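Enquirer: Please find upload22.cif (mmCIF, C-alpha atoms) on the next line:
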data_final
loop_
_atom_site.label_atom_id
_atom_site.label_comp_id
_atom_site.auth_asym_id
_atom_site.auth_seq_id
_atom_site.Cartn_x
_atom_site.Cartn_y
_atom_site.Cartn_z
CA MET A 1 136.41 73.43 82.08
CA ILE A 2 139.29 75.84 82.69
CA SER A 3 139.18 78.18 85.67
CA GLU A 4 137.44 81.56 85.48
CA LYS A 5 140.75 83.28 86.15
CA MET A 6 142.36 81.39 83.29
CA LYS A 7 139.53 82.30 80.93
CA VAL A 8 140.32 85.98 81.47
CA LEU A 9 144.01 85.37 80.78
CA VAL A 10 143.25 83.42 77.60
CA GLU A 11 140.94 86.15 76.32
CA GLY A 12 143.57 88.79 76.99
CA SER A 13 146.50 86.77 75.64
CA SER A 14 149.48 88.67 74.27
CA ALA A 15 148.88 90.93 71.30
CA ILE A 16 152.57 90.53 70.51
CA ARG A 17 152.30 86.78 70.09
CA ALA A 18 149.05 87.17 68.15
CA MET A 19 150.77 89.52 65.69
CA PHE A 20 153.67 87.07 65.39
CA GLU A 21 151.22 84.32 64.39
CA GLU A 22 149.59 86.72 61.92
CA GLY A 23 153.00 87.22 60.36
CA LYS A 24 153.32 83.52 59.68
CA ARG A 25 149.87 83.51 58.06
CA LEU A 26 150.68 86.45 55.79
CA ALA A 27 154.03 84.93 54.83
CA LYS A 28 152.25 81.89 53.41
CA ILE A 29 150.13 84.19 51.25
CA HIS A 30 152.65 86.83 50.13
CA GLY A 31 155.97 85.11 50.71
CA GLU A 32 158.21 85.59 53.73
CA GLU A 33 160.39 88.14 51.93
CA ASN A 34 157.36 90.42 51.40
CA VAL A 35 156.14 90.46 55.02
CA PHE A 36 157.82 92.83 57.48
CA ASP A 37 157.37 91.53 61.00
CA PHE A 38 158.37 94.04 63.70
CA SER A 39 156.25 92.38 66.38
CA LEU A 40 158.46 90.10 68.45
CA GLY A 41 161.64 90.96 70.34
CA ASN A 42 163.43 87.80 69.23
CA PRO A 43 167.16 88.60 68.79
CA ASN A 44 168.40 88.04 65.25
CA VAL A 45 172.08 88.43 66.16
CA ASP A 46 173.85 85.08 66.52
CA PRO A 47 175.14 84.09 69.96
CA PRO A 48 178.90 84.65 70.36
CA ASP A 49 181.08 81.77 69.13
CA ARG A 50 182.30 81.33 72.69
CA ILE A 51 178.88 79.97 73.71
CA LYS A 52 179.07 76.99 71.36
CA ALA A 53 182.67 76.30 72.28
CA SER A 54 181.83 76.43 75.98
CA ILE A 55 178.97 73.95 75.59
CA PHE A 56 181.28 71.40 73.96
CA GLU A 57 184.05 71.96 76.49
CA ILE A 58 181.68 71.42 79.42
CA LEU A 59 180.03 68.35 77.92
CA ASN A 60 183.37 66.76 77.04
CA SER A 61 185.23 67.53 80.24
CA GLU A 62 182.78 67.19 83.12
CA HIS A 63 181.17 64.16 84.75
CA PRO A 64 177.51 63.84 83.63
CA ASN A 65 176.17 64.14 87.17
CA PHE A 66 178.14 67.37 87.60
CA ILE A 67 176.27 68.82 84.61
CA HIS A 68 172.86 67.20 84.84
CA GLY A 69 172.36 66.35 88.51
CA TYR A 70 170.23 67.92 91.21
CA MET A 71 171.42 71.12 92.86
CA ASN A 72 170.37 73.79 95.34
CA ASN A 73 167.07 75.39 94.23
CA SER A 74 168.90 78.70 93.90
CA GLY A 75 171.49 77.23 91.54
CA TYR A 76 175.08 76.03 91.70
CA GLU A 77 177.01 77.85 94.42
CA ASP A 78 180.16 78.09 92.30
CA VAL A 79 178.18 79.66 89.42
CA ARG A 80 176.52 82.14 91.77
CA THR A 81 179.93 82.99 93.26
CA LYS A 82 181.36 83.71 89.79
CA ILE A 83 178.41 85.97 88.97
CA ALA A 84 178.70 87.79 92.31
CA ASN A 85 182.44 88.35 91.75
CA HIS A 86 181.79 89.56 88.20
CA LEU A 87 179.22 92.09 89.42
CA ASN A 88 181.49 93.19 92.26
CA GLN A 89 184.29 93.98 89.84
CA LYS A 90 182.04 95.63 87.27
CA HIS A 91 179.95 97.79 89.66
CA ASN A 92 182.20 98.13 92.74
CA LEU A 93 179.93 96.04 94.98
CA ASN A 94 180.49 93.52 97.77
CA LEU A 95 178.12 90.67 96.96
CA SER A 96 178.41 86.98 97.82
CA PHE A 97 176.66 83.99 96.26
CA ASN A 98 174.01 84.33 99.00
CA SER A 99 172.57 87.35 97.13
CA ILE A 100 172.20 85.46 93.82
CA VAL A 101 169.39 83.14 92.69
CA MET A 102 169.68 81.49 89.28
CA THR A 103 166.36 81.68 87.44
CA CYS A 104 164.52 80.57 84.32
CA GLY A 105 165.09 83.90 82.61
CA ALA A 106 163.92 87.32 83.77
CA ALA A 107 160.27 86.23 83.74
CA GLY A 108 160.97 83.38 86.13
CA GLY A 109 162.90 85.78 88.34
CA LEU A 110 160.11 88.34 88.52
CA ASN A 111 157.60 85.64 89.37
CA ILE A 112 159.56 84.23 92.30
CA ILE A 113 160.11 87.75 93.67
CA LEU A 114 156.38 88.51 93.53
CA LYS A 115 155.49 85.08 94.94
CA THR A 116 157.82 85.73 97.86
CA LEU A 117 156.66 89.28 98.63
CA LEU A 118 152.98 89.67 97.80
CA ASN A 119 149.95 89.15 99.99
CA PRO A 120 146.52 89.31 98.28
CA GLY A 121 145.65 92.94 97.63
CA ASP A 122 149.21 94.25 97.86
CA GLU A 123 149.94 96.89 95.23
CA VAL A 124 152.63 96.72 92.56
CA ILE A 125 153.44 99.98 90.78
CA VAL A 126 154.62 100.09 87.16
CA PHE A 127 155.44 103.00 84.87
CA ALA A 128 153.63 103.19 81.54
CA PRO A 129 154.58 102.10 79.00
CA PHE A 130 155.41 98.73 80.55
CA PHE A 131 155.89 95.14 79.44
CA GLY A 132 152.33 93.81 79.33
CA GLU A 133 153.13 90.51 81.04
CA TYR A 134 153.73 92.38 84.32
CA ARG A 135 149.96 92.55 84.64
CA ASN A 136 149.69 88.76 84.53
CA TYR A 137 152.64 88.19 86.84
CA VAL A 138 151.04 90.39 89.52
CA SER A 139 147.68 88.72 89.00
CA ASN A 140 149.31 85.32 89.56
CA TYR A 141 149.67 86.21 93.26
CA ASP A 142 146.44 88.21 93.66
CA GLY A 143 148.25 91.52 93.75
CA LYS A 144 146.89 94.78 92.33
CA LEU A 145 148.70 96.48 89.46
CA VAL A 146 148.90 100.28 89.80
CA VAL A 147 149.93 102.17 86.65
CA VAL A 148 151.75 105.51 86.69
CA ASP A 149 150.89 107.59 83.63
CA PRO A 150 153.83 108.32 81.31
CA ASP A 151 155.75 111.44 80.54
CA ILE A 152 155.36 111.01 76.78
CA GLU A 153 158.06 113.57 76.03
CA THR A 154 160.87 111.59 77.72
CA PHE A 155 159.33 108.28 78.90
CA GLU A 156 161.40 108.50 82.08
CA PRO A 157 159.61 107.75 85.38
CA ASN A 158 156.93 110.33 86.20
CA ILE A 159 158.00 111.00 89.80
CA GLU A 160 155.24 113.47 90.72
CA ALA A 161 152.60 111.02 89.51
CA LEU A 162 154.36 108.23 91.43
CA LYS A 163 154.05 110.14 94.71
CA GLU A 164 150.28 110.19 94.30
CA LYS A 165 150.11 106.43 93.65
CA ILE A 166 152.03 105.13 96.67
CA THR A 167 149.82 103.96 99.53
CA SER A 168 150.16 101.85 102.66
CA LYS A 169 149.42 98.83 100.41
CA THR A 170 152.36 99.49 98.07
CA LYS A 171 154.76 96.56 98.25
CA VAL A 172 156.70 96.59 94.97
CA VAL A 173 157.72 99.07 92.28
CA ILE A 174 158.93 97.61 88.97
CA ILE A 175 161.16 99.52 86.57
CA ASN A 176 162.60 98.39 83.23
CA SER A 177 165.67 100.14 81.82
CA PRO A 178 166.71 99.97 79.01
CA ASN A 179 163.00 100.00 78.45
CA ASN A 180 160.71 97.74 76.49
CA PRO A 181 158.94 99.25 74.49
CA THR A 182 160.59 102.70 74.26
CA GLY A 183 164.31 101.94 74.27
CA VAL A 184 164.77 104.72 76.85
CA VAL A 185 167.55 104.35 79.43
CA TYR A 186 166.61 105.89 82.78
CA SER A 187 169.15 108.55 83.72
CA GLU A 188 171.02 108.61 87.02
CA ARG A 189 169.04 111.75 87.91
CA ALA A 190 165.77 109.86 87.39
CA ILE A 191 166.98 106.89 89.45
CA LYS A 192 168.05 109.18 92.30
CA GLU A 193 164.70 110.97 92.29
CA LEU A 194 162.85 107.66 92.21
CA THR A 195 164.78 106.04 95.03
CA LYS A 196 164.60 109.16 97.22
CA THR A 197 160.82 109.18 96.75
CA LEU A 198 160.60 105.53 97.79
CA SER A 199 162.81 106.10 100.85
CA ASP A 200 160.74 109.10 101.90
CA LYS A 201 157.49 107.15 101.49
CA GLU A 202 158.86 104.20 103.48
CA LYS A 203 159.56 106.53 106.41
CA GLU A 204 156.26 108.38 106.04
CA LEU A 205 154.12 105.22 105.90
CA GLY A 206 156.24 102.92 108.07
CA ILE A 207 156.46 100.22 105.38
CA SER A 208 159.06 98.49 103.20
CA ILE A 209 158.78 99.18 99.46
CA TYR A 210 160.81 96.85 97.26
CA LEU A 211 162.19 98.11 93.96
CA VAL A 212 162.53 95.49 91.21
CA SER A 213 164.71 96.51 88.26
CA ASP A 214 163.98 94.30 85.26
CA GLU A 215 167.17 94.41 83.16
CA PRO A 216 167.29 91.92 80.27
CA TYR A 217 168.51 94.71 77.95
CA ARG A 218 171.27 96.10 80.20
CA GLU A 219 174.05 95.34 77.69
CA ILE A 220 172.10 96.51 74.61
CA VAL A 221 172.95 100.24 74.72
CA TYR A 222 174.27 102.75 72.19
CA ASP A 223 176.39 105.87 71.86
CA GLY A 224 178.27 105.38 75.13
CA VAL A 225 175.16 105.53 77.32
CA GLU A 226 175.57 104.03 80.81
CA VAL A 227 172.81 102.23 82.68
CA PRO A 228 172.83 103.08 86.43
CA TYR A 229 173.11 100.00 88.65
CA VAL A 230 170.12 100.53 90.92
CA LEU A 231 171.43 98.31 93.71
CA LYS A 232 173.84 101.15 94.58
CA TYR A 233 171.07 103.71 95.12
CA TYR A 234 168.43 101.93 97.24
CA LYS A 235 168.74 99.18 99.81
CA ASN A 236 165.43 97.39 99.11
CA THR A 237 166.38 96.55 95.53
CA PHE A 238 166.28 93.43 93.38
CA ILE A 239 167.87 93.18 89.94
CA GLY A 240 166.28 90.73 87.52
CA TYR A 241 168.65 89.77 84.71
CA SER A 242 168.48 87.52 81.66
CA TYR A 243 170.99 86.38 79.05
CA SER A 244 168.27 86.30 76.39
CA LYS A 245 169.49 89.52 74.78
CA SER A 246 173.10 90.00 75.89
CA LEU A 247 174.03 86.54 74.60
CA SER A 248 171.10 85.96 72.19
CA LEU A 249 169.84 82.97 74.18
CA PRO A 250 166.10 83.65 74.64
CA GLY A 251 165.06 80.02 74.27
CA GLU A 252 167.44 78.80 76.96
CA ARG A 253 165.56 80.68 79.72
CA ILE A 254 168.63 81.46 81.79
CA GLY A 255 169.07 84.44 84.12
CA TYR A 256 169.42 85.42 87.75
CA ILE A 257 168.18 87.65 90.56
CA VAL A 258 170.44 89.84 92.67
CA ALA A 259 169.09 90.94 96.03
CA ASN A 260 170.73 93.75 97.96
CA PRO A 261 172.12 92.10 101.14
CA GLU A 262 171.16 95.25 103.08
CA MET A 263 167.44 94.96 102.25
CA ASP A 264 164.79 94.58 104.93
CA ASP A 265 164.23 90.94 106.00
CA PHE A 266 167.02 89.74 103.69
CA GLU A 267 167.45 86.24 105.16
CA ASN A 268 163.76 85.38 105.06
CA ILE A 269 163.39 86.83 101.57
CA MET A 270 166.26 84.72 100.21
CA SER A 271 164.71 81.63 101.81
CA GLY A 272 161.41 82.56 100.19
CA LEU A 273 163.01 82.96 96.75
CA ASN A 274 164.69 79.58 97.14
CA VAL A 275 161.37 77.89 97.91
CA ALA A 276 159.38 79.84 95.30
CA ASN A 277 161.86 78.75 92.62
CA ARG A 278 160.80 75.18 93.35
CA ILE A 279 157.08 75.32 94.12
CA LEU A 280 156.25 77.40 91.03
CA GLY A 281 157.56 74.51 88.97
CA PHE A 282 160.87 75.99 87.81
CA VAL A 283 162.72 73.89 90.46
CA ASN A 284 165.98 75.47 89.32
CA ALA A 285 167.50 77.19 86.30
CA PRO A 286 168.78 74.90 83.49
CA SER A 287 171.92 73.17 84.72
CA LEU A 288 174.02 73.12 81.54
CA PHE A 289 173.46 76.79 80.81
CA GLN A 290 174.30 77.79 84.35
CA ARG A 291 177.75 76.34 83.61
CA VAL A 292 177.88 77.95 80.17
CA ILE A 293 177.10 81.48 81.26
CA ALA A 294 179.53 81.20 84.19
CA ASP A 295 182.18 80.50 81.55
CA CYS A 296 181.08 83.43 79.36
CA LEU A 297 180.54 86.31 81.79
CA ASP A 298 182.68 88.72 79.78
CA THR A 299 181.11 87.76 76.45
CA GLU A 300 178.49 89.88 74.66
CA VAL A 301 176.84 90.13 71.25
CA ASP A 302 177.81 92.86 68.79
CA VAL A 303 175.37 95.66 69.61
CA ASN A 304 176.54 97.65 66.60
CA ILE A 305 174.33 95.40 64.50
CA TYR A 306 171.28 96.66 66.40
CA LYS A 307 172.55 100.25 66.32
CA ARG A 308 172.79 100.11 62.52
CA ASN A 309 169.20 98.86 62.39
CA ARG A 310 168.04 101.57 64.78
CA ASP A 311 169.63 104.36 62.79
CA LEU A 312 168.16 103.20 59.48
CA LEU A 313 164.61 102.76 60.76
CA TYR A 314 164.49 105.74 63.15
CA ASN A 315 165.86 108.20 60.60
CA HIS A 316 163.45 107.00 57.92
CA LEU A 317 160.38 107.21 60.15
CA VAL A 318 161.28 110.71 61.34
CA GLU A 319 161.76 111.82 57.73
CA LEU A 320 158.26 110.49 56.97
CA GLY A 321 156.77 112.63 59.74
CA PHE A 322 156.53 110.18 62.64
CA THR A 323 157.30 111.49 66.15
CA CYS A 324 159.53 109.20 68.18
CA VAL A 325 161.96 109.36 71.12
CA LYS A 326 165.33 108.09 69.86
CA PRO A 327 166.17 104.84 71.66
CA GLU A 328 169.33 104.70 73.75
CA GLY A 329 169.08 100.97 74.34
CA ALA A 330 167.17 97.72 73.76
CA PHE A 331 165.94 97.18 70.17
CA TYR A 332 162.56 98.90 69.99
CA LEU A 333 161.08 102.09 68.57
CA PHE A 334 157.91 103.56 70.09
CA PRO A 335 156.53 106.20 67.67
CA ARG A 336 153.29 108.09 68.17
CA THR A 337 150.52 107.03 65.85
CA PRO A 338 149.29 109.72 63.45
CA ILE A 339 145.71 108.62 64.19
CA GLU A 340 144.29 108.39 67.70
CA ASP A 341 143.40 104.68 67.57
CA ASP A 342 146.67 102.72 67.72
CA VAL A 343 144.91 99.38 67.21
CA ALA A 344 143.26 100.68 64.04
CA PHE A 345 146.64 102.01 62.90
CA CYS A 346 148.18 98.54 63.27
CA GLN A 347 145.31 97.10 61.23
CA GLU A 348 146.02 99.73 58.55
CA ALA A 349 149.70 98.76 58.59
CA LYS A 350 148.82 95.13 57.83
CA LYS A 351 147.50 96.29 54.44
CA PHE A 352 151.15 96.95 53.59
CA ASN A 353 152.37 93.70 55.22
CA LEU A 354 153.76 95.61 58.19
CA LEU A 355 153.26 93.88 61.53
CA LEU A 356 153.40 96.35 64.43
CA VAL A 357 152.22 96.14 68.05
CA PRO A 358 149.77 98.75 69.44
CA GLY A 359 151.02 100.85 72.33
CA SER A 360 147.87 100.06 74.28
CA SER A 361 149.37 96.59 74.85
CA PHE A 362 151.98 98.40 76.96
CA GLY A 363 149.53 100.67 78.79
CA CYS A 364 150.27 103.60 76.48
CA PRO A 365 147.71 104.04 73.67
CA GLY A 366 148.45 106.34 70.77
CA HIS A 367 151.80 104.68 70.06
CA ILE A 368 153.17 101.59 68.33
CA ARG A 369 156.12 99.35 69.10
CA LEU A 370 158.51 98.18 66.42
CA ALA A 371 161.10 95.52 67.27
CA TYR A 372 164.07 96.18 64.98
CA CYS A 373 165.94 93.01 65.96
CA ILE A 374 165.55 91.70 62.41
CA SER A 375 167.95 91.77 59.49
CA TYR A 376 169.18 95.06 58.09
CA GLU A 377 168.09 93.93 54.64
CA LYS A 378 164.57 93.24 55.86
CA ILE A 379 164.36 96.72 57.40
CA ARG A 380 165.68 98.31 54.21
CA ASN A 381 163.13 96.39 52.14
CA SER A 382 160.34 97.52 54.47
CA LEU A 383 160.96 101.24 53.95
CA PRO A 384 158.67 101.60 50.89
CA ALA A 385 155.87 99.98 52.91
CA PHE A 386 156.32 102.58 55.64
CA GLU A 387 156.17 105.30 53.00
CA LYS A 388 152.81 103.94 51.81
CA LEU A 389 151.57 103.71 55.40
CA ALA A 390 152.60 107.33 56.04
CA LYS A 391 150.76 108.54 52.94
CA ALA A 392 147.66 106.65 54.05
CA THR A 393 147.66 108.01 57.62
CA ILE A 394 149.93 111.05 58.11
CA ILE A 395 149.19 112.73 54.80
CA LYS A 396 145.42 112.45 54.33
#
What is this file in structure tokens?

Expert:
Amino acid sequence: MISEKMKVLVEGSSAIRAMFEEGKRLAKIHGEENVFDFSLGNPNVDPPDRIKASIFEILNSEHPNFIHGYMNNSGYEDVRTKIANHLNQKHNLNLSFNSIVMTCGAAGGLNIILKTLLNPGDEVIVFAPFFGEYRNYVSNYDGKLVVVDPDIETFEPNIEALKEKITSKTKVVIINSPNNPTGVVYSERAIKELTKTLSDKEKELGISIYLVSDEPYREIVYDGVEVPYVLKYYKNTFIGYSYSKSLSLPGERIGYIVANPEMDDFENIMSGLNVANRILGFVNAPSLFQRVIADCLDTEVDVNIYKRNRDLLYNHLVELGFTCVKPEGAFYLFPRTPIEDDVAFCQEAKKFNLLLVPGSSFGCPGHIRLAYCISYEKIRNSLPAFEKLAKATIIK
């Protein structure tokens, strides 16, 4: 028999993955070309050619033990040094490899941070809408998730609501920008207001509050928008990064954590991250792809492909009468549903072979998430289905 805690997790398993499986079922019935799956944020843009070339170069030029052997739990020191130097140049910082931990993607990074910091009952604050797996990550370490209600006009952090949520038990605040599911990029003004609030509350309550910025979409931005580098605004900051989106490598599970060297209890925290990386079963990030990404730090996918998709789908939905904040980054739209029940709306959409994810999965009912990281042709072919859905729900 599985544990009681695991039973709850199984029963509440991801609606995103469930919709993805539903897409495969419908494709067998109607044909793949007639099913429009906007459920899963799986990049459709090919990795840069440099990735493949780098893999072959490394495999053909290095000794096998250099590529495949054991290493420090936190990753190869030379790889971490290259990443630190890259960040220093890009963001005018002064990091060393001691601030970097290589991780099994952003999810692995978030888990070792929470494992290192949380005592049972400690509170972790998130801003709705938020990536639903945060709830499970916090539960893994017997923390308590505290949700700040959204500002549904902008989807930037609701600072006044945050002030009411912080208590003496607050240990971590998680932000995600560019945001999944809204595509919103938090402005510098919002980041300054957020970090000032945290600093003020630390002094008021005599505690350390750690800010975790989850940034797998940092490089997926449009129209010249800049993403503030939060490490520069608040000393108790971690950055969680993944190459899943910037290099289209989601299956490789490769990323890193950056910890501000000025944070409270830095040495002990870095030791904790190093141990957590091992005892949670990750042991260390994949060895070959540590070498690959170190060789490709200035390489990115062509975000114009996603921008073209965004413009086609966003403009069409707005013309049909949907209300939606225009995304500045990532590859998601988060429109309001024309009926109150977002789950029922997603069921209605399936009648037209449209697979959408209810906003309630992200702590924000009354909305839907559409992942437009699919082909332009597929989006274009889906437009008549959205027209039928609009007539069935908006115009009744």

Enquirer: What does the distance between atom CA of Val147 of chain A and atom CA of Ile159 of chain A come to in Å, to one decimal place?

Expert: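 That distance, rounded to one decimal, is 12.4 Å.
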
Enquirer: Selection in question (the file shown): the PyMOL selection byres ((chain A and resi 173) around 8). Which residues does it include, as a PyMOL selection string?

Expert: chain A and resi 124-126+170-172+174-175+209-212

Enquirer: State, in Å with one decimal place, the distance from atom CA of Ala344 of chain A to atom CA of Ile394 of chain A.

Expert: 13.7 Å

Enquirer: Calculate how many Å separate atom CA of Tyr234 of chain A from atom CA of His91 of chain A, rounding to one decimal.

Expert: 14.4 Å

Enquirer: Evaluate the PyMOL selection byres ((chain A and resi 260) around 8) on the structure here and hand back the selected residues as number ranges by chain.

Expert: A: 99, 231, 235-238, 258-259, 261-263, 266

Enquirer: For the provided coordinates, the residues matched by the PyMOL selection byres ((chain A and resi 241) around 8) should be stated as a compact mmCIF listing (two decimals) with C-alpha atoms, in the frame of the given file.

Expert:
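And here's out.txt as it stands now:
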# COMPACT_ATOMS: atom_id res chain seq x y z
CA GLY A 105 165.09 83.90 82.61
CA ALA A 106 163.92 87.32 83.77
CA GLY A 109 162.90 85.78 88.34
CA ASP A 214 163.98 94.30 85.26
CA GLU A 215 167.17 94.41 83.16
CA PRO A 216 167.29 91.92 80.27
CA ILE A 239 167.87 93.18 89.94
CA GLY A 240 166.28 90.73 87.52
CA SER A 242 168.48 87.52 81.66
CA TYR A 243 170.99 86.38 79.05
CA GLY A 255 169.07 84.44 84.12
CA TYR A 256 169.42 85.42 87.75
CA ILE A 257 168.18 87.65 90.56

Enquirer: Using only C-alpha atoms, give me every residue within 10 Å of (178.1, 96.1, 88.0) in file coordinates, as JSON, numbers by chain.

Expert: {"A": [84, 85, 86, 87, 88, 89, 90, 91, 92, 93, 227, 228, 229, 230, 231, 232]}

Enquirer: Can those selected residues be exported to a file as a short mmCIF file (atom, residue, chain, number, x, y, z; two decimals), in the coordinates of the input so that it contains C-alpha atoms?

Expert:
data_model
loop_
_atom_site.label_atom_id
_atom_site.label_comp_id
_atom_site.auth_asym_id
_atom_site.auth_seq_id
_atom_site.Cartn_x
_atom_site.Cartn_y
_atom_site.Cartn_z
CA ALA A 84 178.70 87.79 92.31
CA ASN A 85 182.44 88.35 91.75
CA HIS A 86 181.79 89.56 88.20
CA LEU A 87 179.22 92.09 89.42
CA ASN A 88 181.49 93.19 92.26
CA GLN A 89 184.29 93.98 89.84
CA LYS A 90 182.04 95.63 87.27
CA HIS A 91 179.95 97.79 89.66
CA ASN A 92 182.20 98.13 92.74
CA LEU A 93 179.93 96.04 94.98
CA VAL A 227 172.81 102.23 82.68
CA PRO A 228 172.83 103.08 86.43
CA TYR A 229 173.11 100.00 88.65
CA VAL A 230 170.12 100.53 90.92
CA LEU A 231 171.43 98.31 93.71
CA LYS A 232 173.84 101.15 94.58
#

Enquirer: Per residue of segment 25-141 of chain A within 8 Å of segment 364-385 of chain A, record the nearest atom pair and its distance in Å to one decimal, counting only C-alpha atoms, with rows in chain order and ascending residue number, as JSON lines.

Expert:
{"residue": "A:Glu33", "atom": "CA", "partner": "A:Lys378", "partner_atom": "CA", "distance": 7.7}
{"residue": "A:Phe36", "atom": "CA", "partner": "A:Ser382", "partner_atom": "CA", "distance": 6.1}
{"residue": "A:Phe38", "atom": "CA", "partner": "A:Ala371", "partner_atom": "CA", "distance": 4.7}
{"residue": "A:Ser39", "atom": "CA", "partner": "A:Ala371", "partner_atom": "CA", "distance": 5.8}
{"residue": "A:Leu40", "atom": "CA", "partner": "A:Ala371", "partner_atom": "CA", "distance": 6.1}
{"residue": "A:Gly41", "atom": "CA", "partner": "A:Ala371", "partner_atom": "CA", "distance": 5.5}
{"residue": "A:Asn42", "atom": "CA", "partner": "A:Cys373", "partner_atom": "CA", "distance": 6.6}
{"residue": "A:Pro43", "atom": "CA", "partner": "A:Cys373", "partner_atom": "CA", "distance": 5.4}
{"residue": "A:Asn44", "atom": "CA", "partner": "A:Ile374", "partner_atom": "CA", "distance": 5.4}
{"residue": "A:Val45", "atom": "CA", "partner": "A:Cys373", "partner_atom": "CA", "distance": 7.7}
{"residue": "A:Ala128", "atom": "CA", "partner": "A:Cys364", "partner_atom": "CA", "distance": 6.1}
{"residue": "A:Pro129", "atom": "CA", "partner": "A:Cys364", "partner_atom": "CA", "distance": 5.2}

Enquirer: For those residues, write C-alpha atoms to a file as a short mmCIF file (atom, residue, chain, number, x, y, z; two decimals), in the frame of the given file.

Expert:
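The resulting file, out36.cif, is reproduced below:
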data_model
loop_
_atom_site.label_atom_id
_atom_site.label_comp_id
_atom_site.auth_asym_id
_atom_site.auth_seq_id
_atom_site.Cartn_x
_atom_site.Cartn_y
_atom_site.Cartn_z
CA GLU A 33 160.39 88.14 51.93
CA PHE A 36 157.82 92.83 57.48
CA PHE A 38 158.37 94.04 63.70
CA SER A 39 156.25 92.38 66.38
CA LEU A 40 158.46 90.10 68.45
CA GLY A 41 161.64 90.96 70.34
CA ASN A 42 163.43 87.80 69.23
CA PRO A 43 167.16 88.60 68.79
CA ASN A 44 168.40 88.04 65.25
CA VAL A 45 172.08 88.43 66.16
CA ALA A 128 153.63 103.19 81.54
CA PRO A 129 154.58 102.10 79.00
#

Enquirer: In terms of the shortest atom-to-atom distance over all atoms listed in the file, which of A:Ile55, A:Ser208, A:Tyr134, A:Gly69 is closest to Asp265 of chain A?

Expert: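 Going through A:Ile55, A:Ser208, A:Tyr134, A:Gly69 one by one, the smallest distance to Asp265 of chain A is for A:Ser208.
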
Enquirer: Could you name the residues that touch Asn284 of chain A at 7 Å or less, counting only C-alpha atoms, but leaving out those on the same chain fewer than 4 positions away, as a PyMOL selection string?

Expert: chain A and resi 73-75+103+277-278

Enquirer: Please determine, counting all atoms listed in the file, which residue among A:Gly281, A:Gly272, A:Leu95, A:Ser246 has the shortest atom-to-atom distance to Leu114 of chain A.

Expert: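 Comparing A:Gly281, A:Gly272, A:Leu95, A:Ser246 against Leu114 of chain A, the winner is A:Gly272.
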
Enquirer: Please list as a PyMOL selection string every residue within 9 Å of Ile191 of chain A, counting all atoms listed in the file and excluding residues in the same chain fewer than 4 positions away.

Expert: chain A and resi 157+186-187+195-196+228+230+233

Enquirer: Identify the residues within 10 Å of coordinate (173.2, 91.3, 75.1) (same frame as the file), considering all atoms listed in the file, and give the answer as an mmCIF file with C-alpha atoms, in the coordinates of the input.

Expert:
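Written output follows (result.cif):
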data_model
loop_
_atom_site.group_PDB
_atom_site.id
_atom_site.type_symbol
_atom_site.label_atom_id
_atom_site.label_comp_id
_atom_site.auth_asym_id
_atom_site.auth_seq_id
_atom_site.Cartn_x
_atom_site.Cartn_y
_atom_site.Cartn_z
ATOM 1 C CA PRO A 43 167.160 88.600 68.790
ATOM 2 C CA VAL A 45 172.080 88.430 66.160
ATOM 3 C CA PRO A 47 175.140 84.090 69.960
ATOM 4 C CA PRO A 48 178.900 84.650 70.360
ATOM 5 C CA PRO A 216 167.290 91.920 80.270
ATOM 6 C CA TYR A 217 168.510 94.710 77.950
ATOM 7 C CA ARG A 218 171.270 96.100 80.200
ATOM 8 C CA GLU A 219 174.050 95.340 77.690
ATOM 9 C CA ILE A 220 172.100 96.510 74.610
ATOM 10 C CA VAL A 221 172.950 100.240 74.720
ATOM 11 C CA SER A 242 168.480 87.520 81.660
ATOM 12 C CA TYR A 243 170.990 86.380 79.050
ATOM 13 C CA SER A 244 168.270 86.300 76.390
ATOM 14 C CA LYS A 245 169.490 89.520 74.780
ATOM 15 C CA SER A 246 173.100 90.000 75.890
ATOM 16 C CA LEU A 247 174.030 86.540 74.600
ATOM 17 C CA SER A 248 171.100 85.960 72.190
ATOM 18 C CA LEU A 249 169.840 82.970 74.180
ATOM 19 C CA THR A 299 181.110 87.760 76.450
ATOM 20 C CA GLU A 300 178.490 89.880 74.660
ATOM 21 C CA VAL A 301 176.840 90.130 71.250
ATOM 22 C CA ASP A 302 177.810 92.860 68.790
ATOM 23 C CA VAL A 303 175.370 95.660 69.610
ATOM 24 C CA ALA A 330 167.170 97.720 73.760
#

Enquirer: Between A:Lys24, A:Thr197, A:Thr154, A:Asp149, single out the one closest to Ile166 of chain A, counting all atoms listed in the file.

Expert: A:Thr197

Enquirer: For Leu205 of chain A, please output as an mmCIF file with C-alpha atoms, in the frame of the given file all residues within 7 Å (counting only C-alpha atoms; exclusion window: fewer than 3 positions along the same chain).

Expert:
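The file below, around-v5.cif, is the result:
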data_model
loop_
_atom_site.group_PDB
_atom_site.id
_atom_site.type_symbol
_atom_site.label_atom_id
_atom_site.label_comp_id
_atom_site.auth_asym_id
_atom_site.auth_seq_id
_atom_site.Cartn_x
_atom_site.Cartn_y
_atom_site.Cartn_z
ATOM 1 C CA SER A 168 150.160 101.850 102.660
ATOM 2 C CA LYS A 201 157.490 107.150 101.490
ATOM 3 C CA GLU A 202 158.860 104.200 103.480
#

Enquirer: For Gly224 of chain A, which residue out of A:Thr182, A:Thr337, A:Asn34, A:Asn304 is the nearest one, using only C-alpha atoms?

Expert: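 Smallest separation from Gly224 of chain A among the options: A:Asn304.
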
Enquirer: Nearest to Ile112 of chain A among A:Glu153, A:Arg80, A:Met270, A:Met6, with distances taken over all atoms listed in the file: which residue is it?

Expert: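 Under the stated criterion, the closest residue is A:Met270.
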